[in-house]
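Source file: structure_24.txt (compact mmCIF, C-alpha atoms and all ligand atoms)
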```
# COMPACT_ATOMS: atom_id res chain seq x y z
CA MET K 1 -42.77 -62.00 107.15
CA ALA K 2 -44.70 -58.88 108.14
CA HIS K 3 -48.14 -58.86 106.59
CA ASP K 4 -48.20 -56.03 104.01
CA LEU K 5 -50.86 -53.52 105.02
CA PRO K 6 -53.17 -52.14 102.32
CA PRO K 7 -52.94 -48.41 101.53
CA ARG K 8 -53.62 -46.22 104.58
CA LEU K 9 -56.85 -44.31 105.19
CA GLY K 10 -56.13 -41.47 107.61
CA VAL K 11 -59.10 -40.96 109.93
CA GLY K 12 -59.83 -37.86 112.01
CA MET K 13 -62.65 -37.97 114.54
CA ILE K 14 -64.42 -34.92 115.98
CA GLY K 15 -65.88 -35.51 119.46
CA TYR K 16 -65.10 -38.24 121.95
CA ALA K 17 -68.19 -38.84 124.12
CA PHE K 18 -70.47 -41.91 123.81
CA MET K 19 -70.45 -41.99 120.01
CA GLY K 20 -66.76 -41.16 119.81
CA LYS K 21 -66.08 -44.10 122.10
CA ALA K 22 -68.22 -46.46 119.98
CA HIS K 23 -66.68 -45.22 116.72
CA SER K 24 -63.14 -45.55 118.11
CA HIS K 25 -63.86 -49.16 119.04
CA ALA K 26 -65.00 -49.75 115.46
CA TRP K 27 -61.96 -48.10 113.85
CA ARG K 28 -59.67 -50.20 116.10
CA THR K 29 -61.54 -53.46 115.55
CA ALA K 30 -62.63 -53.50 111.88
CA PRO K 31 -59.19 -54.25 110.33
CA ARG K 32 -58.60 -57.02 112.87
CA PHE K 33 -61.72 -58.99 111.98
CA PHE K 34 -62.45 -58.05 108.37
CA GLU K 35 -60.34 -58.06 105.22
CA LEU K 36 -60.23 -54.36 104.27
CA PRO K 37 -58.88 -52.83 101.02
CA LEU K 38 -57.62 -49.79 102.98
CA HIS K 39 -56.05 -49.71 106.42
CA PRO K 40 -57.76 -47.18 108.72
CA GLU K 41 -55.20 -45.20 110.73
CA MET K 42 -56.61 -43.46 113.82
CA THR K 43 -54.63 -40.32 113.06
CA VAL K 44 -56.22 -37.51 115.08
CA LEU K 45 -58.98 -36.72 117.55
CA ALA K 46 -60.45 -33.23 117.85
CA GLY K 47 -61.81 -31.85 121.10
CA ARG K 48 -62.14 -28.29 122.41
CA HIS K 49 -60.39 -28.93 125.73
CA GLU K 50 -56.81 -30.04 125.05
CA SER K 51 -56.10 -31.97 128.26
CA ALA K 52 -59.39 -33.90 128.09
CA ALA K 53 -58.89 -34.56 124.36
CA ARG K 54 -55.35 -35.85 124.96
CA ALA K 55 -56.61 -38.19 127.68
CA ALA K 56 -59.38 -39.43 125.39
CA ALA K 57 -56.95 -39.92 122.50
CA GLN K 58 -54.72 -41.98 124.76
CA THR K 59 -57.60 -44.11 126.02
CA LEU K 60 -59.36 -44.56 122.68
CA GLY K 61 -56.22 -45.10 120.57
CA TRP K 62 -55.81 -41.91 118.50
CA ASP K 63 -52.30 -40.80 117.49
CA GLY K 64 -52.71 -37.02 117.72
CA VAL K 65 -55.02 -34.25 118.95
CA GLU K 66 -56.39 -31.01 117.55
CA THR K 67 -58.42 -28.48 119.56
CA GLU K 68 -59.85 -26.87 116.41
CA TRP K 69 -61.93 -29.16 114.17
CA ARG K 70 -61.03 -27.12 111.09
CA ARG K 71 -57.35 -27.93 111.57
CA LEU K 72 -58.27 -31.63 111.68
CA VAL K 73 -60.18 -31.30 108.40
CA GLU K 74 -57.28 -29.44 106.73
CA ARG K 75 -54.57 -31.93 107.69
CA ASP K 76 -52.98 -33.72 104.73
CA ASP K 77 -52.82 -36.95 106.74
CA VAL K 78 -56.63 -36.98 107.19
CA ASP K 79 -58.59 -38.64 104.37
CA LEU K 80 -61.85 -39.18 106.26
CA VAL K 81 -63.62 -37.04 108.86
CA ASP K 82 -65.79 -38.87 111.40
CA ILE K 83 -68.27 -36.44 112.99
CA CYS K 84 -69.33 -37.53 116.49
CA SER K 85 -70.38 -34.14 117.86
CA PRO K 86 -73.83 -32.66 118.61
CA GLY K 87 -76.30 -32.11 115.77
CA ASP K 88 -75.84 -28.33 115.53
CA THR K 89 -72.25 -28.89 114.31
CA HIS K 90 -72.94 -31.50 111.62
CA ALA K 91 -73.74 -29.26 108.65
CA GLU K 92 -70.75 -26.93 108.85
CA MET K 93 -68.30 -29.72 109.64
CA ALA K 94 -69.55 -32.12 106.96
CA ILE K 95 -69.77 -29.50 104.20
CA THR K 96 -66.33 -28.13 105.05
CA ALA K 97 -64.84 -31.64 104.99
CA LEU K 98 -66.57 -32.64 101.74
CA GLU K 99 -65.43 -29.44 100.03
CA ALA K 100 -61.89 -30.24 101.20
CA GLY K 101 -62.18 -33.58 99.41
CA LYS K 102 -62.42 -35.63 102.60
CA HIS K 103 -64.76 -38.62 102.99
CA VAL K 104 -67.33 -38.11 105.78
CA LEU K 105 -69.06 -40.31 108.32
CA CYS K 106 -71.63 -38.20 110.20
CA GLU K 107 -73.58 -39.32 113.27
CA LYS K 108 -77.39 -39.31 113.20
CA PRO K 109 -79.61 -37.51 112.72
CA LEU K 110 -77.90 -35.95 109.72
CA ALA K 111 -78.75 -32.41 110.79
CA ASN K 112 -81.02 -30.29 112.99
CA SER K 113 -83.23 -29.17 110.08
CA VAL K 114 -84.26 -30.08 106.54
CA ALA K 115 -82.55 -26.94 105.26
CA GLU K 116 -79.23 -28.05 106.72
CA ALA K 117 -79.72 -31.62 105.52
CA GLU K 118 -80.44 -30.38 101.98
CA LEU K 119 -77.19 -28.41 101.93
CA MET K 120 -75.30 -31.47 103.22
CA ALA K 121 -76.85 -33.79 100.65
CA ALA K 122 -76.04 -31.33 97.87
CA ALA K 123 -72.43 -31.04 99.06
CA ALA K 124 -72.20 -34.84 99.17
CA GLU K 125 -73.52 -35.07 95.62
CA ARG K 126 -70.93 -32.58 94.38
CA ALA K 127 -68.17 -34.40 96.25
CA ALA K 128 -69.28 -37.78 94.89
CA ALA K 129 -68.33 -36.55 91.41
CA ARG K 130 -64.76 -36.43 92.77
CA GLY K 131 -64.94 -39.93 94.27
CA VAL K 132 -65.64 -38.67 97.79
CA VAL K 133 -67.96 -40.80 99.98
CA ALA K 134 -70.41 -39.59 102.63
CA MET K 135 -72.41 -41.77 105.02
CA VAL K 136 -74.75 -41.10 107.97
CA GLY K 137 -74.52 -43.27 111.07
CA PHE K 138 -77.79 -45.16 111.29
CA THR K 139 -75.85 -48.11 112.64
CA TYR K 140 -78.79 -50.34 113.66
CA ARG K 141 -79.23 -51.23 109.97
CA ARG K 142 -76.05 -53.27 110.39
CA VAL K 143 -77.34 -55.56 113.13
CA PRO K 144 -77.45 -59.00 111.45
CA ALA K 145 -81.05 -59.63 112.54
CA ILE K 146 -82.14 -56.36 110.92
CA GLN K 147 -80.29 -57.34 107.74
CA LEU K 148 -82.19 -60.66 107.77
CA ALA K 149 -85.53 -58.86 108.28
CA ARG K 150 -84.82 -56.68 105.25
CA GLN K 151 -83.81 -59.74 103.20
CA LEU K 152 -87.01 -61.61 104.08
CA VAL K 153 -89.11 -58.63 103.03
CA ALA K 154 -87.07 -58.13 99.84
CA ASP K 155 -87.45 -61.85 99.01
CA GLY K 156 -91.24 -61.52 99.28
CA ARG K 157 -91.46 -63.81 102.32
CA VAL K 158 -93.55 -61.19 104.19
CA GLY K 159 -95.53 -60.18 101.14
CA THR K 160 -97.23 -56.79 100.72
CA VAL K 161 -96.52 -54.70 103.80
CA HIS K 162 -99.74 -53.80 105.65
CA HIS K 163 -98.28 -52.70 109.00
CA VAL K 164 -95.01 -51.36 110.37
CA ARG K 165 -94.94 -51.03 114.15
CA ALA K 166 -91.80 -49.30 115.41
CA GLN K 167 -90.87 -48.25 118.95
CA TYR K 168 -87.72 -46.94 120.49
CA LEU K 169 -88.09 -47.05 124.29
CA GLN K 170 -85.52 -45.83 126.82
CA ASP K 171 -85.78 -44.64 130.42
CA TRP K 172 -82.67 -42.53 131.08
CA LEU K 173 -84.76 -39.37 131.45
CA ALA K 174 -87.72 -40.85 133.34
CA ASP K 175 -86.18 -39.49 136.55
CA PRO K 176 -87.19 -35.80 136.61
CA GLU K 177 -83.93 -35.06 138.45
CA ALA K 178 -81.75 -36.51 135.69
CA PRO K 179 -79.59 -33.51 134.73
CA LEU K 180 -79.70 -31.45 131.57
CA SER K 181 -77.46 -32.44 128.66
CA TRP K 182 -77.04 -31.16 125.10
CA ARG K 183 -79.66 -33.71 124.01
CA LEU K 184 -82.27 -31.65 125.92
CA ASP K 185 -81.31 -28.36 124.28
CA LYS K 186 -83.18 -27.66 121.00
CA GLN K 187 -80.45 -25.34 119.72
CA LYS K 188 -77.89 -28.15 120.01
CA ALA K 189 -79.95 -31.27 119.36
CA GLY K 190 -82.67 -29.98 117.03
CA SER K 191 -85.32 -32.04 118.83
CA GLY K 192 -85.55 -34.48 121.73
CA ALA K 193 -86.60 -38.12 121.60
CA LEU K 194 -87.93 -37.51 118.10
CA GLY K 195 -84.60 -36.80 116.40
CA ASP K 196 -82.38 -38.64 118.86
CA ILE K 197 -84.09 -42.06 118.76
CA GLY K 198 -87.17 -41.54 116.58
CA ALA K 199 -84.77 -41.01 113.67
CA HIS K 200 -83.44 -44.54 114.16
CA VAL K 201 -86.84 -46.22 113.93
CA ILE K 202 -87.88 -44.10 110.95
CA ASP K 203 -84.70 -45.19 109.18
CA LEU K 204 -85.20 -48.83 110.19
CA ALA K 205 -88.84 -48.88 109.05
CA GLN K 206 -87.74 -47.57 105.65
CA PHE K 207 -84.67 -49.82 105.47
CA ILE K 208 -86.48 -53.05 106.34
CA THR K 209 -89.46 -52.43 104.06
CA GLY K 210 -87.58 -50.71 101.23
CA GLU K 211 -90.38 -48.15 101.31
CA SER K 212 -90.55 -44.55 102.55
CA VAL K 213 -92.85 -42.77 104.96
CA THR K 214 -95.11 -40.50 102.84
CA GLY K 215 -97.23 -38.79 105.51
CA VAL K 216 -97.69 -38.59 109.28
CA ALA K 217 -99.99 -37.45 112.07
CA ALA K 218 -98.18 -36.80 115.32
CA ILE K 219 -98.14 -35.87 118.98
CA LEU K 220 -95.04 -34.57 120.75
CA GLU K 221 -94.93 -34.14 124.52
CA THR K 222 -92.52 -32.73 127.08
CA PHE K 223 -93.22 -34.21 130.51
CA VAL K 224 -90.48 -32.44 132.48
CA HIS K 225 -89.86 -28.78 131.59
CA GLU K 226 -86.81 -28.02 133.72
CA ARG K 227 -83.99 -30.05 135.19
CA PRO K 228 -80.86 -29.70 137.34
CA VAL K 229 -77.92 -28.19 135.50
CA ALA K 230 -75.15 -30.79 135.93
CA ALA K 231 -71.77 -29.34 136.90
CA GLU K 232 -70.21 -30.03 133.51
CA PHE K 233 -73.11 -28.24 131.80
CA SER K 234 -73.25 -25.29 134.18
CA GLY K 235 -72.66 -22.97 131.24
CA LEU K 236 -75.21 -24.76 129.05
CA HIS K 237 -77.80 -22.04 129.28
CA GLY K 238 -75.40 -19.19 130.01
CA THR K 239 -76.31 -19.38 133.66
CA ALA K 240 -73.14 -20.81 135.15
CA GLY K 241 -73.77 -22.36 138.53
CA SER K 242 -77.60 -21.96 138.42
CA ALA K 243 -79.46 -24.91 139.96
CA ARG K 244 -81.91 -25.64 137.14
CA GLY K 245 -82.39 -24.99 133.44
CA PRO K 246 -85.13 -25.39 130.82
CA VAL K 247 -85.80 -28.47 128.72
CA THR K 248 -86.48 -27.13 125.23
CA VAL K 249 -87.20 -30.37 123.35
CA ASP K 250 -89.79 -33.14 123.28
CA ASP K 251 -89.56 -35.99 125.77
CA ALA K 252 -91.69 -38.31 123.67
CA ALA K 253 -93.07 -38.58 120.14
CA ILE K 254 -95.93 -40.74 118.94
CA PHE K 255 -96.99 -40.70 115.30
CA VAL K 256 -98.80 -42.73 112.69
CA GLY K 257 -97.63 -42.82 109.12
CA ARG K 258 -98.44 -44.07 105.65
CA MET K 259 -95.78 -46.12 103.82
CA SER K 260 -95.16 -45.62 100.10
CA GLY K 261 -96.45 -49.13 99.43
CA GLY K 262 -99.79 -48.19 101.01
CA GLY K 263 -99.23 -49.83 104.40
CA LEU K 264 -99.88 -48.19 107.78
CA ALA K 265 -97.11 -47.38 110.26
CA SER K 266 -97.08 -46.49 113.93
CA PHE K 267 -94.04 -45.02 115.66
CA GLU K 268 -93.14 -44.27 119.27
CA ALA K 269 -89.96 -42.71 120.62
CA THR K 270 -89.56 -41.99 124.31
CA ARG K 271 -86.85 -41.71 126.95
CA PHE K 272 -89.49 -42.01 129.74
CA ALA K 273 -90.34 -45.71 129.52
CA TRP K 274 -89.17 -46.89 132.95
CA GLY K 275 -87.59 -50.31 132.65
CA ARG K 276 -86.89 -50.09 128.91
CA LYS K 277 -83.16 -49.43 128.42
CA ASN K 278 -82.62 -49.56 124.68
CA ALA K 279 -85.72 -51.28 123.36
CA ILE K 280 -85.89 -50.86 119.59
CA ARG K 281 -88.94 -52.92 118.66
CA ILE K 282 -89.85 -53.34 115.03
CA GLU K 283 -92.61 -55.55 113.65
CA VAL K 284 -93.66 -55.73 110.01
CA ASN K 285 -96.92 -57.52 109.13
CA GLY K 286 -97.44 -58.39 105.48
CA SER K 287 -99.79 -60.40 103.31
CA ARG K 288 -97.66 -63.53 103.68
CA GLY K 289 -96.18 -63.20 107.14
CA SER K 290 -94.41 -61.08 109.74
CA VAL K 291 -91.00 -60.28 111.12
CA ALA K 292 -90.42 -58.97 114.65
CA PHE K 293 -87.25 -57.70 116.36
CA ASP K 294 -86.31 -56.29 119.78
CA PHE K 295 -82.82 -54.82 120.19
CA GLU K 296 -82.84 -55.92 123.82
CA ASP K 297 -82.64 -59.45 122.34
CA MET K 298 -80.58 -58.31 119.37
CA ASN K 299 -79.29 -61.68 118.09
CA VAL K 300 -82.81 -62.96 117.46
CA LEU K 301 -85.37 -62.32 114.71
CA HIS K 302 -88.91 -63.69 114.97
CA PHE K 303 -90.40 -64.74 111.64
CA PHE K 304 -93.96 -65.90 110.94
CA ASP K 305 -94.50 -67.51 107.54
CA ALA K 306 -98.24 -67.85 106.88
CA ALA K 307 -97.45 -70.27 104.06
CA ASP K 308 -95.60 -72.61 106.41
CA PRO K 309 -97.60 -75.84 106.89
CA ALA K 310 -96.58 -75.63 110.57
CA ALA K 311 -97.79 -72.00 110.82
CA GLU K 312 -100.02 -72.91 113.75
CA ALA K 313 -96.77 -73.26 115.70
CA GLY K 314 -96.52 -69.49 115.54
CA PHE K 315 -93.42 -67.34 115.04
CA ARG K 316 -90.09 -69.04 114.39
CA ARG K 317 -87.28 -67.77 116.64
CA VAL K 318 -84.24 -67.37 114.38
CA VAL K 319 -80.93 -67.00 116.22
CA VAL K 320 -79.13 -64.78 113.70
CA THR K 321 -75.59 -65.93 114.41
CA ASP K 322 -74.99 -68.38 111.60
CA PRO K 323 -71.97 -67.72 109.31
CA ALA K 324 -74.48 -67.44 106.45
CA HIS K 325 -75.99 -64.37 108.11
CA ALA K 326 -74.68 -60.86 107.37
CA TYR K 327 -71.23 -60.07 108.87
CA ILE K 328 -71.26 -63.16 111.17
CA ALA K 329 -68.60 -65.17 109.29
CA SER K 330 -65.95 -62.67 110.41
CA TRP K 331 -66.81 -63.06 114.08
CA TRP K 332 -67.61 -66.15 116.11
CA PRO K 333 -69.11 -69.62 115.58
CA ALA K 334 -72.92 -69.90 115.50
CA GLY K 335 -74.66 -69.13 118.77
CA HIS K 336 -71.95 -66.90 120.30
CA GLY K 337 -73.83 -63.66 119.69
CA LEU K 338 -72.89 -60.06 118.89
CA GLY K 339 -73.37 -56.85 120.87
CA TYR K 340 -74.21 -53.17 120.47
CA GLU K 341 -70.67 -52.30 119.34
CA HIS K 342 -70.56 -54.73 116.41
CA ALA K 343 -72.88 -52.67 114.20
CA PHE K 344 -70.41 -49.78 114.45
CA THR K 345 -67.64 -52.08 113.22
CA HIS K 346 -69.86 -53.25 110.33
CA GLN K 347 -70.47 -49.58 109.50
CA VAL K 348 -66.69 -48.97 109.26
CA VAL K 349 -66.22 -52.11 107.14
CA ASP K 350 -68.85 -51.09 104.59
CA LEU K 351 -67.64 -47.49 104.57
CA VAL K 352 -63.98 -48.43 103.95
CA ARG K 353 -64.95 -50.94 101.25
CA GLY K 354 -67.18 -48.32 99.63
CA ILE K 355 -64.35 -45.79 99.56
CA ALA K 356 -62.06 -48.33 97.89
CA THR K 357 -64.61 -49.28 95.24
CA HIS K 358 -65.93 -45.72 94.80
CA GLU K 359 -69.44 -46.88 95.74
CA ASN K 360 -71.17 -44.75 98.36
CA PRO K 361 -72.53 -47.18 100.99
CA ALA K 362 -75.98 -46.59 102.47
CA PRO K 363 -77.24 -44.78 104.38
CA THR K 364 -76.12 -41.88 102.22
CA PHE K 365 -76.71 -38.21 103.00
CA ALA K 366 -79.74 -38.44 100.68
CA ASP K 367 -81.09 -41.19 102.96
CA GLY K 368 -80.37 -38.96 105.95
CA LEU K 369 -82.25 -36.11 104.24
CA GLN K 370 -85.30 -38.35 103.78
CA VAL K 371 -85.32 -39.13 107.52
CA GLN K 372 -84.91 -35.42 108.25
CA ARG K 373 -87.99 -34.71 106.11
CA VAL K 374 -90.03 -37.21 108.12
CA LEU K 375 -88.82 -35.63 111.38
CA ALA K 376 -89.88 -32.21 110.10
CA ALA K 377 -93.30 -33.53 109.04
CA VAL K 378 -93.79 -34.98 112.52
CA GLU K 379 -92.94 -31.63 114.11
CA ASP K 380 -95.26 -29.78 111.72
CA SER K 381 -98.07 -32.27 112.33
CA SER K 382 -97.69 -31.99 116.10
CA THR K 383 -98.31 -28.25 116.10
CA ALA K 384 -101.64 -26.88 117.31
CA ASN K 385 -103.09 -26.66 113.82
CA SER K 386 -102.63 -30.36 113.09
CA ALA K 387 -105.66 -32.42 112.14
CA TRP K 388 -106.48 -33.54 115.67
CA THR K 389 -110.05 -34.55 116.42
CA ALA K 390 -111.04 -34.41 120.03
CA VAL K 391 -113.23 -37.25 121.23
CA GLU K 392 -116.65 -36.01 122.24
CA HIS K 393 -116.66 -35.55 126.01
CA GLY K 394 -119.03 -38.43 126.79
CA GLN K 395 -119.90 -39.42 130.36
CA PRO K 396 -116.80 -40.71 132.23
CA VAL K 397 -117.04 -44.43 132.85
CA THR K 398 -117.61 -45.04 136.55
CA THR K 399 -116.32 -48.28 137.95
CA HIS K 400 -117.67 -49.54 141.29
C1 LIG M 501 -79.35 -41.55 123.57
O1 LIG M 501 -80.71 -41.63 123.47
C2 LIG M 501 -78.66 -42.51 122.61
O2 LIG M 501 -77.29 -42.46 122.90
C3 LIG M 501 -78.85 -42.10 121.16
O3 LIG M 501 -78.28 -40.81 120.92
C4 LIG M 501 -78.19 -43.14 120.24
O4 LIG M 501 -78.37 -42.80 118.87
C5 LIG M 501 -78.82 -44.49 120.52
O5 LIG M 501 -78.24 -45.49 119.68
C6 LIG M 501 -78.62 -44.87 121.99
O6 LIG M 501 -79.18 -43.84 122.83
```
structure tokens encoding of this file:
Amino acid sequence: MAHDLPPRLGVGMIGYAFMGKAHSHAWRTAPRFFELPLHPEMTVLAGRHESAARAAAQTLGWDGVETEWRRLVERDDVDLVDICSPGDTHAEMAITALEAGKHVLCEKPLANSVAEAELMAAAAERAAARGVVAMVGFTYRRVPAIQLARQLVADGRVGTVHHVRAQYLQDWLADPEAPLSWRLDKQKAGSGALGDIGAHVIDLAQFITGESVTGVAAILETFVHERPVAAEFSGLHGTAGSARGPVTVDDAAIFVGRMSGGGLASFEATRFAWGRKNAIRIEVNGSRGSVAFDFEDMNVLHFFDAADPAAEAGFRRVVVTDPAHAYIASWWPAGHGLGYEHAFTHQVVDLVRGIATHENPAPTFADGLQVQRVLAAVEDSSTANSAWTAVEHGQPVTTH
């Protein structure tokens, strides 16, 4: 007997690049591994160029195509709009969708400015009164090892948080000849490494500790100020065919922060760390112990319990693949490991369940607004008038 499907949830996705590919995988996979109260239907993909959008829809498993995102939002067979397009489009798309009564999943960072994020959060609040759900895609929260880190802190096993040390290290722009993309254009991306990957570690620091960043002191740097204009971006700066264009965002951000519980935080976000591909490194040191995570070893969490009689043995290496760990029971037996794509599936699972129970899953647009406020504080702090104290120019150390 055919298995009766739960009520449908018509999904429309805007954009089909890297995030669109990852989200499509999640929409396809979630109902096949998790019991869902609604059945996501991959109804329509929106892309500006019809032939490319049709090819993407075919490859990624979407039933139909629209070349105007507004038509996707207006369709009666679309209940949820999944925004996977550059940051300068998020506010208009999300607000339009929410006001049309559609649930929204919006990629990170929420917006390109606090002003936009405030409008989005307000629209989400109004829509929530009508049972509409809005979520922002900080997917790394849904890595089982990150869930365990948060649980250990929440259970008091780390104690009072004294330090948060958070880095996001990549190297895909360390080659000065790597071509321009929308992520290097301030008008489209809002900022560079800061908003693109710094947003993730700000969210993770707040998620794991349950605290918020209350103040920062920052440095932003752009190492390479112009790059080749790749063929597909030849019109990026209105100079079709020109050999090179300007980089208008930061290449790296370093900042210290104060956590709401009084602890100190240090953050680093760079796409110039040769050899580091997607190294999200988070360590929390508390009065009773520490947790440490590296996404390049994403199935493992290191835990140091100062109260453990065997504490001299150092950190315990927890392989977070036991069915008792978050999400794992729906996947494989212990020790088989998950990958980058699984957190996107977990995001879909929690979103669909939240829609069915009328509970807005985190991270909400209000959570996204908080991250946006930290990003803005970092940018403000990094300006020339920030409280930067030069070190007295003592004699250079000579080494023989
Ligand atoms: C590029 O830096 C990027 O694709 C980010 O935009 C994603 O958010 C991150 O998860 C992987 O790297």
**OP:** Would you mind telling me which residue in K:Pro228, K:Gly156, K:Pro109, K:Gly131 lies nearest to ligand LIG 501 (chain M) when using all atoms listed in the file?
**Re:**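 Of K:Pro228, K:Gly156, K:Pro109, K:Gly131, the one nearest ligand LIG 501 (chain M) is K:Pro109, counting all atoms listed in the file.
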**OP:** Give as a PyMOL selection string the residues surrounding ligand LIG 501 (chain M) up to a distance of 9 Å, considering only C-alpha atoms and all ligand atoms.
**Re:** chain K and resi 18-19+107-109+137-140+170+172+183+192-193+195-197+199-200+270-271+277-278+340
Subject >> Near-K:Thr89 list (12 Å; only C-alpha atoms; drop same-chain fewer than 2 positions) as a VMD selection string >> reply: chain K and resid 14 to 15 69 to 70 83 to 87 91 to 96 106 to 113 116 to 117 120 187 to 190
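The spacing separating atom CA of K:Leu36 from atom CA of K:Ile328 amounts to 15.7 Å.
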Subject >> Gap from atom CA of K:Pro246 to atom CA of K:Leu375 - Å, one decimal >> reply: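 Between these atoms lies a distance of 22.3 Å.
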**OP:** Name the residues in contact with stretch 299-311 of chain K at a cut-off of 12 Å, using all atoms listed in the file, excluding same-chain residues fewer than 5 positions from it; report them as number ranges by chain.
**Re:** K: 142-153, 156-159, 281-294, 316-322, 325-326, 328, 334-340, 342-343
Subject >> Residue nearest K:Trp332 - candidates K:Phe33, K:Ala387, K:Glu118, K:Arg126, atoms counted: all atoms listed in the file >> reply: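 The answer is K:Phe33, which sits nearest to K:Trp332.
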Subject >> Best match for closeness to K:Val213 among K:Gly354, K:Pro179, K:Gly198, K:Gly262, counting only C-alpha atoms >> reply: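 Going through K:Gly354, K:Pro179, K:Gly198, K:Gly262 one by one, the smallest distance to K:Val213 is for K:Gly262.
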Please determine an axis-aligned box that encloses all atoms of stretch 114-133 of chain K listed in the file, with 6 Å added on each side, and express its centre and edge lengths in Å to one decimal as JSON.
```
{"center_x": -74.5, "center_y": -33.9, "center_z": 99.1, "size_x": 31.5, "size_y": 25.9, "size_z": 27.3}
```
Original post:
From the list K:Gly215, K:Pro6, K:Pro323, K:Gly261, which residue is nearest K:Val374 when using only C-alpha atoms?
Top reply: K:Gly215
Original post:
Residues at most 12 Å from stretch 52-60 of chain K, counting only C-alpha atoms, excluding those fewer than 2 positions away in the same chain, as a PyMOL selection string?
Top reply: chain K and resi 12-29+42-50+62-69
Subject >> Spatial neighbours of K:Lys102, max dist 6 Å, only C-alpha atoms, sep filter under 3 positions, as a list in words >> reply: Asp79, Leu80, Ala97 and Leu98 of chain K
**OP:** Write out as a list in words which residues come within 9 Å of K:Leu194 when counting all atoms listed in the file, dropping same-chain ones fewer than 3 positions away.
**Re:**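 Contacts, in chain order: Ser191, Ile197, Gly198, Ala199, Leu220, Val249, Asp250, Asp251, Ala252, Ala253, Ile254, Glu268, Ala269, Thr270, Leu375, Val378 and Glu379 of chain K.
The nearest approach to K:Ala128 among the residues K:His358, K:His225, K:His393, K:His39, with only C-alpha atoms taken into account, belongs to K:His358.
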Original post:
Separation of atom CA of K:Ala265 and atom CA of K:Phe295, in Å?
Top reply: 18.9 Å
**OP:** Find the residue from K:Ala273, K:Val78, K:Val216, K:Val256 that sits nearest to K:Tyr168; use all atoms listed in the file when measuring.
**Re:** K:Ala273
